[in-house]
Structure formats: C-alpha cells, structure tokens
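Here is the structure we will look at.
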Amino acid sequence: MGLPGAALVSRVMSGLLFGVLPVDPLTFGATPIVLAAVALVACCLPARRATRVDPVVALRME
C-alpha cells in the first residue's frame, strides 16, 4: 500500500525532484530494504539485551 502511494505522491511532487526520476527504481527498491534493516536492528538490540537478564531476578524485582 505504501509503494503505490509513494509513486502517486512522487508524480505530484515531480517538480520538486532534481536529478531523480519521479519513479526511480533504485530508490523504490533501496528504501524498503534500508527501513527493514533499521527496524531489524532496532528490535534485535533490546531483545538481545533482554536475553541476558536472569528471569528469576527480573521477576523478583517486580
């Protein structure tokens, strides 16, 4: 749903884009990959840290 919406918005804003086609395949391909990688790192770092905590200690604190 986001990619078709972005394609429509980029066509509307084509006057503001300099040196980039309104529907640039490299940009439309790289952006979801970069966003997915950032989301993966943002989820994995806290999860990795949480696995180092002893469950008994964590439950005793509450």
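Labeling convention for the structure tokens: chains A, B, ... as they appear, residues from 1 per chain, ligands from 1 in order of appearance.
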
Item checked: Neighbour list for A:Leu3 as number ranges by chain, cut-off 12 Å, only C-alpha atoms, skip fewer than 2 positions in-chain -> A: 1, 5-10, 23-25, 27-32

Keeping C-alpha atoms, export the residues of the selection given above as a PDB file, in the first residue's frame.
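result.pdb was written with the following content:
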```pdb
ATOM      1  CA  MET A   1       0.000   0.000   0.000  1.00  0.00           C
ATOM      2  CA  GLY A   5       1.022   5.697  -2.583  1.00  0.00           C
ATOM      3  CA  ALA A   6       4.626   6.852  -2.798  1.00  0.00           C
ATOM      4  CA  ALA A   7       4.524   6.509  -6.582  1.00  0.00           C
ATOM      5  CA  LEU A   8       1.450   8.739  -6.749  1.00  0.00           C
ATOM      6  CA  VAL A   9       2.919  11.337  -4.416  1.00  0.00           C
ATOM      7  CA  SER A  10       6.225  11.375  -6.290  1.00  0.00           C
ATOM      8  CA  VAL A  23       9.533   6.699 -10.045  1.00  0.00           C
ATOM      9  CA  ASP A  24      13.212   5.818  -9.646  1.00  0.00           C
ATOM     10  CA  PRO A  25      13.526   2.021  -9.346  1.00  0.00           C
ATOM     11  CA  THR A  27      15.155   4.499  -4.748  1.00  0.00           C
ATOM     12  CA  PHE A  28      11.944   2.492  -4.591  1.00  0.00           C
ATOM     13  CA  GLY A  29      13.954  -0.711  -4.159  1.00  0.00           C
ATOM     14  CA  ALA A  30      16.552   0.538  -1.689  1.00  0.00           C
ATOM     15  CA  THR A  31      14.225   2.417   0.650  1.00  0.00           C
ATOM     16  CA  PRO A  32      12.226  -0.611   1.895  1.00  0.00           C
TER      17      PRO A  32
END
```

Next item on the list: Would you return as a PyMOL selection string the members of chain A that DSSP assigns to alpha helix (DSSP H) on this structure's backbone?
Entry: chain A and resi 2-12+25-51+55-61

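Atom CA of A:Val34 is positioned 23.0 Å from atom CA of A:Arg49.
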
Next item on the list: Grab the atom CA of A:Leu26 to atom CA of A:Ser14 distance for me, in Å with one decimal place.
Entry: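 Computing it gives 16.3 Å between the two atoms.
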
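Take atom CA of A:Gly15 and atom CA of A:Ile33: the distance between them is 26.2 Å.
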